[in-house]
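coords_29.cif follows (mmCIF, C-alpha atoms):
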```
data_coords
loop_
_atom_site.group_PDB
_atom_site.id
_atom_site.type_symbol
_atom_site.label_atom_id
_atom_site.label_comp_id
_atom_site.auth_asym_id
_atom_site.auth_seq_id
_atom_site.Cartn_x
_atom_site.Cartn_y
_atom_site.Cartn_z
ATOM 1 C CA MET U 796 51.272 -2.873 16.300
ATOM 2 C CA HIS U 797 50.283 -6.109 14.619
ATOM 3 C CA SER U 798 47.622 -6.714 17.279
ATOM 4 C CA PHE U 799 46.133 -3.233 16.810
ATOM 5 C CA SER U 800 45.988 -3.722 13.022
ATOM 6 C CA SER U 801 44.261 -7.073 13.465
ATOM 7 C CA LYS U 802 41.711 -5.531 15.761
ATOM 8 C CA ARG U 803 41.034 -2.767 13.243
ATOM 9 C CA ARG U 804 40.454 -5.363 10.527
ATOM 10 C CA LEU U 805 38.157 -7.332 12.834
ATOM 11 C CA VAL U 806 36.148 -4.211 13.642
ATOM 12 C CA GLY U 807 35.908 -3.416 9.933
ATOM 13 C CA VAL U 808 34.618 -6.905 9.154
ATOM 14 C CA MET U 809 32.084 -6.673 11.968
ATOM 15 C CA MET U 810 30.854 -3.265 10.763
ATOM 16 C CA ALA U 811 30.519 -4.514 7.188
ATOM 17 C CA ALA U 812 28.568 -7.536 8.387
ATOM 18 C CA ALA U 813 26.275 -5.340 10.433
ATOM 19 C CA LEU U 814 25.550 -3.081 7.473
ATOM 20 C CA ALA U 815 24.873 -6.048 5.212
ATOM 21 C CA ALA U 816 22.571 -7.802 7.657
ATOM 22 C CA PRO U 817 18.800 -7.406 7.294
ATOM 23 C CA ILE U 818 18.495 -6.860 11.060
ATOM 24 C CA LEU U 819 19.897 -3.717 12.689
ATOM 25 C CA THR U 820 20.480 -2.856 16.339
ATOM 26 C CA ALA U 821 21.044 0.311 18.292
ATOM 27 C CA SER U 822 20.919 1.717 21.842
ATOM 28 C CA ALA U 823 18.176 0.214 24.008
ATOM 29 C CA GLN U 824 15.010 2.177 24.572
ATOM 30 C CA GLY U 825 12.953 0.086 26.922
ATOM 31 C CA PHE U 826 12.340 -2.966 24.738
ATOM 32 C CA GLY U 827 15.073 -5.204 26.144
ATOM 33 C CA GLU U 828 17.101 -7.588 23.974
ATOM 34 C CA LYS U 829 14.243 -9.237 22.101
ATOM 35 C CA THR U 830 13.645 -9.040 18.365
ATOM 36 C CA VAL U 831 10.681 -7.087 17.041
ATOM 37 C CA ARG U 832 8.587 -8.816 14.381
ATOM 38 C CA LEU U 833 7.260 -6.505 11.676
ATOM 39 C CA ILE U 834 4.619 -8.620 9.945
ATOM 40 C CA VAL U 835 3.823 -7.790 6.319
ATOM 41 C CA PRO U 836 0.783 -9.830 5.224
ATOM 42 C CA LEU U 837 1.683 -9.287 1.568
ATOM 43 C CA ALA U 838 4.347 -10.661 -0.753
ATOM 44 C CA ALA U 839 8.006 -9.681 -0.763
ATOM 45 C CA GLY U 840 8.581 -7.092 -3.460
ATOM 46 C CA SER U 841 5.207 -5.415 -2.984
ATOM 47 C CA THR U 842 5.022 -1.699 -2.250
ATOM 48 C CA VAL U 843 4.051 -2.407 1.360
ATOM 49 C CA ASP U 844 7.006 -4.778 1.739
ATOM 50 C CA ALA U 845 9.460 -2.241 0.311
ATOM 51 C CA ILE U 846 8.273 0.446 2.721
ATOM 52 C CA ALA U 847 8.289 -1.955 5.677
ATOM 53 C CA ARG U 848 11.925 -2.839 5.033
ATOM 54 C CA VAL U 849 13.191 0.704 4.818
ATOM 55 C CA MET U 850 11.149 1.628 7.907
ATOM 56 C CA ALA U 851 12.483 -1.441 9.767
ATOM 57 C CA ASN U 852 16.029 -0.167 9.407
ATOM 58 C CA GLN U 853 15.048 3.066 11.116
ATOM 59 C CA TYR U 854 12.882 1.372 13.752
ATOM 60 C CA ALA U 855 15.842 -0.760 14.809
ATOM 61 C CA LYS U 856 17.906 2.347 15.432
ATOM 62 C CA SER U 857 15.288 4.077 17.558
ATOM 63 C CA MET U 858 13.980 0.976 19.347
ATOM 64 C CA GLY U 859 17.435 -0.294 20.173
ATOM 65 C CA HIS U 860 17.232 -3.915 19.045
ATOM 66 C CA PRO U 861 16.694 -6.066 15.943
ATOM 67 C CA VAL U 862 13.622 -5.619 13.766
ATOM 68 C CA VAL U 863 12.781 -8.454 11.363
ATOM 69 C CA VAL U 864 10.312 -8.162 8.487
ATOM 70 C CA GLU U 865 8.198 -11.305 8.083
ATOM 71 C CA ASN U 866 6.144 -11.808 4.922
ATOM 72 C CA LEU U 867 3.162 -13.945 5.929
ATOM 73 C CA VAL U 868 1.088 -14.046 2.757
ATOM 74 C CA GLY U 869 -2.292 -15.509 1.937
ATOM 75 C CA ALA U 870 -5.962 -14.594 1.451
ATOM 76 C CA GLY U 871 -5.314 -10.971 0.550
ATOM 77 C CA GLY U 872 -3.510 -10.245 3.809
ATOM 78 C CA ILE U 873 -5.770 -12.176 6.173
ATOM 79 C CA THR U 874 -3.248 -14.934 6.994
ATOM 80 C CA GLY U 875 -0.544 -12.603 8.251
ATOM 81 C CA THR U 876 -2.919 -10.247 10.043
ATOM 82 C CA ALA U 877 -4.468 -13.212 11.885
ATOM 83 C CA GLN U 878 -1.057 -13.896 13.428
ATOM 84 C CA LEU U 879 -0.614 -10.240 14.299
ATOM 85 C CA VAL U 880 -3.885 -9.968 16.230
ATOM 86 C CA ARG U 881 -2.981 -13.060 18.293
ATOM 87 C CA ALA U 882 0.477 -11.729 19.201
ATOM 88 C CA PRO U 883 1.442 -10.675 22.762
ATOM 89 C CA LYS U 884 0.458 -7.105 23.595
ATOM 90 C CA ASP U 885 4.010 -5.989 24.353
ATOM 91 C CA GLY U 886 4.977 -4.035 21.247
ATOM 92 C CA MET U 887 7.294 -6.774 20.046
ATOM 93 C CA THR U 888 4.973 -7.714 17.148
ATOM 94 C CA ILE U 889 3.646 -5.001 14.855
ATOM 95 C CA GLY U 890 2.315 -5.039 11.318
ATOM 96 C CA MET U 891 2.352 -3.027 8.115
ATOM 97 C CA VAL U 892 -0.988 -3.357 6.344
ATOM 98 C CA SER U 893 -2.586 -1.943 3.217
ATOM 99 C CA SER U 894 -6.095 -0.803 2.347
ATOM 100 C CA ASN U 895 -6.900 -4.496 1.736
ATOM 101 C CA HIS U 896 -7.329 -4.644 5.505
ATOM 102 C CA VAL U 897 -10.628 -2.739 5.319
ATOM 103 C CA ILE U 898 -11.720 -4.326 2.024
ATOM 104 C CA ASN U 899 -11.448 -7.973 3.095
ATOM 105 C CA PRO U 900 -14.440 -7.983 5.489
ATOM 106 C CA SER U 901 -16.739 -7.289 2.527
ATOM 107 C CA ILE U 902 -15.024 -9.726 0.162
ATOM 108 C CA TYR U 903 -14.656 -12.872 2.241
ATOM 109 C CA LYS U 904 -17.501 -14.820 3.829
ATOM 110 C CA SER U 905 -15.643 -14.816 7.120
ATOM 111 C CA ILE U 906 -12.282 -13.734 8.493
ATOM 112 C CA PRO U 907 -10.780 -14.805 11.850
ATOM 113 C CA PHE U 908 -10.656 -11.311 13.364
ATOM 114 C CA ASP U 909 -12.433 -7.960 13.407
ATOM 115 C CA SER U 910 -10.605 -5.495 11.161
ATOM 116 C CA ILE U 911 -11.369 -2.607 13.514
ATOM 117 C CA LYS U 912 -11.723 -4.044 17.028
ATOM 118 C CA ASP U 913 -8.791 -6.489 16.941
ATOM 119 C CA ILE U 914 -6.062 -4.065 15.876
ATOM 120 C CA VAL U 915 -4.684 -0.753 17.100
ATOM 121 C CA PRO U 916 -3.878 1.717 14.308
ATOM 122 C CA ILE U 917 -0.587 3.441 15.160
ATOM 123 C CA SER U 918 0.003 5.577 12.097
ATOM 124 C CA VAL U 919 -1.154 5.840 8.503
ATOM 125 C CA ILE U 920 2.237 5.993 6.785
ATOM 126 C CA GLY U 921 1.052 7.314 3.448
ATOM 127 C CA THR U 922 -1.150 6.895 0.414
ATOM 128 C CA VAL U 923 -0.274 5.132 -2.820
ATOM 129 C CA PRO U 924 -1.575 6.904 -5.937
ATOM 130 C CA LEU U 925 -3.103 4.837 -8.714
ATOM 131 C CA VAL U 926 -3.048 5.802 -12.358
ATOM 132 C CA LEU U 927 -5.651 5.047 -15.004
ATOM 133 C CA VAL U 928 -3.812 3.749 -18.053
ATOM 134 C CA THR U 929 -4.929 2.574 -21.480
ATOM 135 C CA HIS U 930 -3.297 0.537 -24.176
ATOM 136 C CA PRO U 931 -2.082 2.908 -26.949
ATOM 137 C CA SER U 932 -4.609 1.376 -29.351
ATOM 138 C CA VAL U 933 -7.500 2.883 -27.369
ATOM 139 C CA PRO U 934 -8.581 6.073 -29.204
ATOM 140 C CA ALA U 935 -8.766 8.255 -26.094
ATOM 141 C CA LYS U 936 -6.032 10.592 -24.929
ATOM 142 C CA ASN U 937 -7.731 12.039 -21.851
ATOM 143 C CA LEU U 938 -10.506 11.198 -19.410
ATOM 144 C CA LYS U 939 -13.284 13.031 -21.251
ATOM 145 C CA GLU U 940 -12.471 11.157 -24.449
ATOM 146 C CA LEU U 941 -12.393 7.825 -22.592
ATOM 147 C CA ILE U 942 -15.780 8.519 -20.990
ATOM 148 C CA ALA U 943 -17.217 9.567 -24.366
ATOM 149 C CA LEU U 944 -15.883 6.372 -25.940
ATOM 150 C CA ALA U 945 -17.411 4.236 -23.185
ATOM 151 C CA LYS U 946 -20.780 5.957 -23.587
ATOM 152 C CA ALA U 947 -20.658 5.451 -27.349
ATOM 153 C CA LYS U 948 -19.928 1.733 -26.840
ATOM 154 C CA PRO U 949 -21.802 0.675 -23.686
ATOM 155 C CA GLY U 950 -20.654 -2.661 -22.308
ATOM 156 C CA GLU U 951 -17.897 -3.053 -24.903
ATOM 157 C CA LEU U 952 -14.836 -1.611 -23.169
ATOM 158 C CA ASN U 953 -12.943 -3.910 -20.807
ATOM 159 C CA TYR U 954 -11.005 -2.825 -17.749
ATOM 160 C CA GLY U 955 -8.711 -5.075 -15.747
ATOM 161 C CA SER U 956 -7.948 -5.284 -12.041
ATOM 162 C CA ALA U 957 -5.757 -7.262 -9.667
ATOM 163 C CA GLY U 958 -8.807 -9.287 -8.611
ATOM 164 C CA ASN U 959 -12.358 -8.997 -7.304
ATOM 165 C CA GLY U 960 -12.514 -6.487 -4.480
ATOM 166 C CA SER U 961 -8.922 -5.311 -4.903
ATOM 167 C CA SER U 962 -8.129 -1.605 -4.614
ATOM 168 C CA LEU U 963 -7.664 -1.523 -8.384
ATOM 169 C CA HIS U 964 -11.133 -3.006 -8.894
ATOM 170 C CA LEU U 965 -12.803 -0.581 -6.496
ATOM 171 C CA ALA U 966 -11.003 2.423 -7.971
ATOM 172 C CA ALA U 967 -12.420 1.518 -11.389
ATOM 173 C CA GLU U 968 -15.899 0.887 -9.967
ATOM 174 C CA MET U 969 -15.892 4.315 -8.347
ATOM 175 C CA PHE U 970 -14.862 5.813 -11.698
ATOM 176 C CA LYS U 971 -17.610 3.855 -13.436
ATOM 177 C CA SER U 972 -20.197 5.188 -10.987
ATOM 178 C CA GLU U 973 -19.023 8.805 -11.102
ATOM 179 C CA ALA U 974 -18.796 8.822 -14.907
ATOM 180 C CA GLY U 975 -22.105 6.991 -15.438
ATOM 181 C CA ILE U 976 -20.624 4.492 -17.883
ATOM 182 C CA ASP U 977 -21.103 0.783 -18.595
ATOM 183 C CA ILE U 978 -17.745 -1.037 -18.719
ATOM 184 C CA ARG U 979 -16.834 -4.706 -18.224
ATOM 185 C CA HIS U 980 -14.558 -5.981 -15.453
ATOM 186 C CA VAL U 981 -11.802 -8.526 -16.133
ATOM 187 C CA PRO U 982 -10.255 -9.699 -12.821
ATOM 188 C CA TYR U 983 -6.653 -10.964 -12.764
ATOM 189 C CA ARG U 984 -4.661 -12.756 -10.104
ATOM 190 C CA GLY U 985 -2.441 -9.861 -9.157
ATOM 191 C CA THR U 986 -0.920 -6.734 -10.641
ATOM 192 C CA GLY U 987 1.723 -8.606 -12.656
ATOM 193 C CA PRO U 988 -0.660 -10.528 -14.947
ATOM 194 C CA LEU U 989 -2.856 -7.431 -15.263
ATOM 195 C CA THR U 990 0.079 -5.280 -16.370
ATOM 196 C CA ASN U 991 1.196 -7.894 -18.883
ATOM 197 C CA ASP U 992 -2.237 -7.954 -20.536
ATOM 198 C CA LEU U 993 -2.499 -4.160 -20.492
ATOM 199 C CA LEU U 994 0.815 -4.059 -22.341
ATOM 200 C CA GLY U 995 -0.394 -6.702 -24.769
ATOM 201 C CA GLY U 996 -3.732 -5.008 -25.390
ATOM 202 C CA GLN U 997 -5.774 -7.993 -24.183
ATOM 203 C CA VAL U 998 -7.493 -5.620 -21.758
ATOM 204 C CA GLN U 999 -8.036 -2.004 -22.743
ATOM 205 C CA PHE U 1000 -7.552 -0.032 -19.570
ATOM 206 C CA GLY U 1001 -7.328 -0.172 -15.801
ATOM 207 C CA PHE U 1002 -6.128 1.469 -12.618
ATOM 208 C CA VAL U 1003 -2.643 0.385 -11.519
ATOM 209 C CA SER U 1004 -0.219 1.637 -8.873
ATOM 210 C CA VAL U 1005 1.948 4.412 -10.270
ATOM 211 C CA THR U 1006 5.210 2.621 -9.542
ATOM 212 C CA ALA U 1007 4.086 -0.555 -11.335
ATOM 213 C CA VAL U 1008 3.585 1.184 -14.675
ATOM 214 C CA ALA U 1009 5.612 4.424 -14.616
ATOM 215 C CA PRO U 1010 8.423 2.899 -16.748
ATOM 216 C CA HIS U 1011 5.887 1.631 -19.318
ATOM 217 C CA ILE U 1012 4.241 5.058 -19.473
ATOM 218 C CA LYS U 1013 7.569 6.767 -20.040
ATOM 219 C CA ALA U 1014 8.428 4.209 -22.747
ATOM 220 C CA GLY U 1015 5.128 4.896 -24.526
ATOM 221 C CA LYS U 1016 3.866 1.353 -24.043
ATOM 222 C CA LEU U 1017 0.914 2.560 -21.960
ATOM 223 C CA ARG U 1018 -0.931 5.885 -21.998
ATOM 224 C CA ALA U 1019 -1.518 7.636 -18.672
ATOM 225 C CA ILE U 1020 -5.014 9.126 -18.586
ATOM 226 C CA ALA U 1021 -5.421 10.277 -14.979
ATOM 227 C CA VAL U 1022 -4.227 9.708 -11.422
ATOM 228 C CA SER U 1023 -6.735 8.654 -8.797
ATOM 229 C CA THR U 1024 -5.697 10.863 -5.892
ATOM 230 C CA ALA U 1025 -6.833 14.376 -4.971
ATOM 231 C CA LYS U 1026 -3.366 15.686 -5.870
ATOM 232 C CA ARG U 1027 -1.087 14.786 -8.760
ATOM 233 C CA ALA U 1028 1.530 12.076 -8.211
ATOM 234 C CA SER U 1029 5.080 13.337 -7.738
ATOM 235 C CA ILE U 1030 6.550 10.831 -10.182
ATOM 236 C CA LEU U 1031 3.944 11.639 -12.856
ATOM 237 C CA PRO U 1032 3.574 15.405 -12.372
ATOM 238 C CA ASP U 1033 2.224 16.024 -15.870
ATOM 239 C CA VAL U 1034 -0.669 13.580 -15.516
ATOM 240 C CA PRO U 1035 -3.838 15.333 -14.256
ATOM 241 C CA THR U 1036 -6.128 13.852 -11.630
ATOM 242 C CA VAL U 1037 -9.545 12.372 -12.345
ATOM 243 C CA ALA U 1038 -11.086 15.283 -10.441
ATOM 244 C CA GLU U 1039 -9.277 17.827 -12.628
ATOM 245 C CA GLN U 1040 -10.854 16.281 -15.705
ATOM 246 C CA GLY U 1041 -14.509 16.688 -14.900
ATOM 247 C CA LEU U 1042 -15.274 14.312 -12.012
ATOM 248 C CA PRO U 1043 -14.725 16.590 -8.990
ATOM 249 C CA ASN U 1044 -16.065 14.109 -6.437
ATOM 250 C CA TYR U 1045 -13.607 11.390 -7.420
ATOM 251 C CA SER U 1046 -10.654 10.627 -5.145
ATOM 252 C CA PHE U 1047 -9.271 7.170 -4.497
ATOM 253 C CA ASP U 1048 -5.973 5.893 -3.211
ATOM 254 C CA ALA U 1049 -4.483 2.805 -1.673
ATOM 255 C CA TRP U 1050 -2.627 3.270 1.610
ATOM 256 C CA ILE U 1051 -0.109 1.776 4.028
ATOM 257 C CA ALA U 1052 -0.401 1.841 7.825
ATOM 258 C CA LEU U 1053 1.423 0.597 10.911
ATOM 259 C CA VAL U 1054 -0.767 -1.355 13.332
ATOM 260 C CA GLY U 1055 -0.457 -3.479 16.437
ATOM 261 C CA PRO U 1056 -2.658 -6.072 18.152
ATOM 262 C CA GLU U 1057 -5.599 -4.747 20.190
ATOM 263 C CA GLY U 1058 -4.669 -4.224 23.820
ATOM 264 C CA LEU U 1059 -1.313 -2.514 23.330
ATOM 265 C CA PRO U 1060 -0.726 -0.103 26.231
ATOM 266 C CA ALA U 1061 -1.142 3.554 25.281
ATOM 267 C CA ALA U 1062 2.483 4.265 26.209
ATOM 268 C CA THR U 1063 3.665 1.579 23.779
ATOM 269 C CA VAL U 1064 1.409 2.882 21.003
ATOM 270 C CA ASN U 1065 2.714 6.408 21.509
ATOM 271 C CA ARG U 1066 6.318 5.224 21.532
ATOM 272 C CA LEU U 1067 5.796 3.321 18.278
ATOM 273 C CA TYR U 1068 4.176 6.395 16.749
ATOM 274 C CA HIS U 1069 7.161 8.504 17.858
ATOM 275 C CA ASP U 1070 9.503 5.945 16.256
ATOM 276 C CA THR U 1071 7.441 6.155 13.057
ATOM 277 C CA ARG U 1072 7.639 9.945 12.927
ATOM 278 C CA THR U 1073 11.389 9.747 13.544
ATOM 279 C CA ALA U 1074 11.770 7.249 10.684
ATOM 280 C CA LEU U 1075 9.662 9.344 8.306
ATOM 281 C CA ALA U 1076 11.926 12.316 8.959
ATOM 282 C CA THR U 1077 15.062 10.492 7.768
ATOM 283 C CA HIS U 1078 16.541 11.055 4.330
ATOM 284 C CA GLU U 1079 16.606 7.290 3.608
ATOM 285 C CA VAL U 1080 12.884 6.848 4.170
ATOM 286 C CA GLN U 1081 11.895 10.097 2.468
ATOM 287 C CA GLU U 1082 13.902 9.145 -0.612
ATOM 288 C CA SER U 1083 12.365 5.667 -0.724
ATOM 289 C CA LEU U 1084 8.809 6.953 -0.359
ATOM 290 C CA ALA U 1085 9.346 9.668 -2.981
ATOM 291 C CA SER U 1086 10.781 7.167 -5.472
ATOM 292 C CA GLN U 1087 7.534 5.186 -5.231
ATOM 293 C CA GLY U 1088 5.286 8.206 -5.474
ATOM 294 C CA ILE U 1089 3.924 7.706 -1.974
ATOM 295 C CA MET U 1090 2.311 10.716 -0.347
ATOM 296 C CA VAL U 1091 3.391 10.815 3.298
ATOM 297 C CA ILE U 1092 0.730 11.216 5.990
ATOM 298 C CA GLY U 1093 2.304 10.027 9.246
ATOM 299 C CA SER U 1094 -0.940 10.509 11.202
ATOM 300 C CA GLY U 1095 -1.151 9.834 14.935
ATOM 301 C CA PRO U 1096 -3.041 6.968 16.611
ATOM 302 C CA ASP U 1097 -6.307 8.857 17.139
ATOM 303 C CA ALA U 1098 -6.455 10.134 13.560
ATOM 304 C CA ALA U 1099 -5.418 6.700 12.249
ATOM 305 C CA THR U 1100 -8.217 5.013 14.205
ATOM 306 C CA GLN U 1101 -10.833 7.325 12.731
ATOM 307 C CA PHE U 1102 -9.279 6.885 9.271
ATOM 308 C CA PHE U 1103 -9.667 3.086 9.482
ATOM 309 C CA LYS U 1104 -13.336 3.399 10.427
ATOM 310 C CA THR U 1105 -14.054 5.849 7.610
ATOM 311 C CA GLU U 1106 -12.190 3.722 5.073
ATOM 312 C CA LEU U 1107 -14.069 0.587 6.166
ATOM 313 C CA GLU U 1108 -17.400 2.326 5.581
ATOM 314 C CA LYS U 1109 -16.294 3.687 2.203
ATOM 315 C CA HIS U 1110 -14.969 0.374 0.922
ATOM 316 C CA THR U 1111 -17.963 -1.585 2.189
ATOM 317 C CA LYS U 1112 -20.189 0.591 -0.013
ATOM 318 C CA LEU U 1113 -17.835 0.268 -2.985
ATOM 319 C CA VAL U 1114 -17.666 -3.519 -2.692
ATOM 320 C CA LYS U 1115 -21.463 -3.752 -2.570
ATOM 321 C CA GLN U 1116 -21.696 -1.462 -5.591
ATOM 322 C CA SER U 1117 -19.099 -3.465 -7.508
ATOM 323 C CA GLY U 1118 -20.734 -6.812 -6.997
ATOM 324 C CA ALA U 1119 -17.431 -8.386 -5.999
ATOM 325 C CA ARG U 1120 -18.124 -11.932 -4.920
ATOM 326 C CA LEU U 1121 -17.400 -13.339 -1.495
ATOM 327 C CA GLU U 1122 -14.781 -16.051 -1.537
#
```
What do you get writing this file as structure tokens?
Amino acid sequence: MHSFSSKRRLVGVMMAAALAAPILTASAQGFGEKTVRLIVPLAAGSTVDAIARVMANQYAKSMGHPVVVENLVGAGGITGTAQLVRAPKDGMTIGMVSSNHVINPSIYKSIPFDSIKDIVPISVIGTVPLVLVTHPSVPAKNLKELIALAKAKPGELNYGSAGNGSSLHLAAEMFKSEAGIDIRHVPYRGTGPLTNDLLGGQVQFGFVSVTAVAPHIKAGKLRAIAVSTAKRASILPDVPTVAEQGLPNYSFDAWIALVGPEGLPAATVNRLYHDTRTALATHEVQESLASQGIMVIGSGPDAATQFFKTELEKHTKLVKQSGARLE
């Protein structure tokens, strides 16, 4: 009896340890006993990182062995992606990238890979809505009033971004072009410093990811003017889109996608896509995505490949229009 009780306690400890561990395992599905690397070329705590981690838990269950998220940061995602494209073509190294992946070729003088030819898009996980916010001191309560204010004071209003060529910069440049206004760009080194200065009124407005500023909007510290996507954001349902407010051709969002190195066998790509669809169908992942306002896409490899090409063309034009400098 004592032996049975001890075994039960041991099993309980082992189960608790397994649940607490960042790496999960499950029944094998053709991958063997190796560990899968899920490279995130962006910082821990970013939206992409948060999604990668919740997806990794589900991937481990369907793939049948450990999945480890590795944050390899630097140069707007180039450092980590460079390691991904050099990885063995066996499905044991995959990556979760953002729209920066198709922006970087126009921003940097050179990058050590081709953003289209050296990767295999597996699935576009979803889009991340941005929201145009102003400091409460700005005398504009909707998009038409903000545009009217900018036209009345050409070159005087400042908007901030997370840096030259960032999604936040390009979203504002597209707005500037569609609205026909003259506004000044103030680049920051990341969303954190930008948000701090928006809150302090040092910069008057800007596009920011919905999740980064939703609490500040609800607290009245920032005013939500419009969301960037074609549809309203689920966590800010009362905030109209830019298109709803008089700029019907405007639609801009950041996005997250699963990719692998070029040369992955078609069977491996399809299996990874199946694992992605399985993960997206789970309550855990759906709840996590919804809490961050992410609009799920879950597109297949063929659609994802075409999406990357279209997005590269779109962002190349926006970068040229914005005048973002090569670094």
Ground truth for the PyMOL selection byres ((chain U and resi 997) around 12), written as an mmCIF file with C-alpha atoms, keeping the file's coordinate frame:
```cif
data_model
loop_
_atom_site.group_PDB
_atom_site.id
_atom_site.type_symbol
_atom_site.label_atom_id
_atom_site.label_comp_id
_atom_site.auth_asym_id
_atom_site.auth_seq_id
_atom_site.Cartn_x
_atom_site.Cartn_y
_atom_site.Cartn_z
ATOM 1 C CA THR U 929 -4.929 2.574 -21.480
ATOM 2 C CA HIS U 930 -3.297 0.537 -24.176
ATOM 3 C CA PRO U 931 -2.082 2.908 -26.949
ATOM 4 C CA SER U 932 -4.609 1.376 -29.351
ATOM 5 C CA VAL U 933 -7.500 2.883 -27.369
ATOM 6 C CA LEU U 952 -14.836 -1.611 -23.169
ATOM 7 C CA ASN U 953 -12.943 -3.910 -20.807
ATOM 8 C CA TYR U 954 -11.005 -2.825 -17.749
ATOM 9 C CA GLY U 955 -8.711 -5.075 -15.747
ATOM 10 C CA VAL U 981 -11.802 -8.526 -16.133
ATOM 11 C CA TYR U 983 -6.653 -10.964 -12.764
ATOM 12 C CA PRO U 988 -0.660 -10.528 -14.947
ATOM 13 C CA LEU U 989 -2.856 -7.431 -15.263
ATOM 14 C CA THR U 990 0.079 -5.280 -16.370
ATOM 15 C CA ASN U 991 1.196 -7.894 -18.883
ATOM 16 C CA ASP U 992 -2.237 -7.954 -20.536
ATOM 17 C CA LEU U 993 -2.499 -4.160 -20.492
ATOM 18 C CA LEU U 994 0.815 -4.059 -22.341
ATOM 19 C CA GLY U 995 -0.394 -6.702 -24.769
ATOM 20 C CA GLY U 996 -3.732 -5.008 -25.390
ATOM 21 C CA VAL U 998 -7.493 -5.620 -21.758
ATOM 22 C CA GLN U 999 -8.036 -2.004 -22.743
ATOM 23 C CA PHE U 1000 -7.552 -0.032 -19.570
ATOM 24 C CA GLY U 1001 -7.328 -0.172 -15.801
#
```
Resolved residues for the PyMOL selection byres ((chain U and resi 1052) around 6) as an MDAnalysis selection string: chainID U and resid 891:892 918:920 1051 1053
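Using all atoms listed in the file, the nearest neighbour of Gln1116 of chain U within the list U:Val1091, U:Tyr1045, U:Phe1002, U:Leu965 is U:Leu965.
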With only C-alpha atoms as the counted atoms, please give the residues lying no more than 10 Å from segment 971-973 of chain U, apart from itself and same-chain residues fewer than 2 positions off, as a list in words. Ile942, Ala945, Leu965, Ala966, Ala967, Glu968, Met969, Gly975, Ile976, Asp977, Ile978, Arg979, Gly1041, Leu1042, Pro1043, Asn1044, Tyr1045, Leu1113, Gln1116 and Ser1117 of chain U
On this file, the PyMOL selection byres ((chain U and resi 1014-1024) around 8) gives some set of residues; write that set as JSON, numbers by chain. {"U": [924, 925, 926, 927, 928, 929, 930, 931, 936, 937, 938, 966, 993, 994, 1008, 1010, 1011, 1012, 1013, 1025, 1026, 1027, 1028, 1034, 1035, 1036, 1037, 1045, 1046, 1047, 1048]}
Would you please work out which residue, of U:Lys904, U:Arg984, U:Lys884, U:Lys829, is nearest to Pro861 of chain U when using only C-alpha atoms? U:Lys829
How far is it from atom CA of Ser901 of chain U to atom CA of Thr1111 of chain U, in Å with one decimal? 5.8 Å
3 Å per side around segment 1074-1082 of chain U: axis-aligned box centre and edge lengths, as AutoDock Vina command-line options:
```
--center_x 13.1 --center_y 9.6 --center_z 5.0 --size_x 12.9 --size_y 11.5 --size_z 17.3
```
As a check of understanding: the span from atom CA of Gly872 of chain U to atom CA of Met858 of chain U is 25.9 Å
What would the list of residues within 12 Å of (12.0, 4.5, -1.4) (file frame) look like as an NGL selection string, if all atoms listed in the file are what count? :U and (842-850 or 1006 or 1075 or 1077-1091)
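Using only C-alpha atoms, the nearest neighbour of Arg881 of chain U within the list U:Asp1033, U:Glu1057, U:Glu865, U:Glu1108 is U:Glu1057.
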Can you work out the spacing between atom CA of Pro1056 of chain U and atom CA of Thr888 of chain U in Å, to one decimal? 7.9 Å
Tell me which of U:Ile834, U:Val1003, U:Leu1031, U:Leu1059 sits closest to Leu879 of chain U, counting only C-alpha atoms. U:Ile834
Nearest residue to His1110 of chain U out of U:Ala1062, U:Ile914, U:Ala974, U:Ile902, using all atoms listed in the file? U:Ile902
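Among U:Leu1107, U:Met887, U:Ala935, U:Ala1099, the residue with the shortest atom-to-atom distance to Val915 of chain U, counting only C-alpha atoms, is U:Ala1099.
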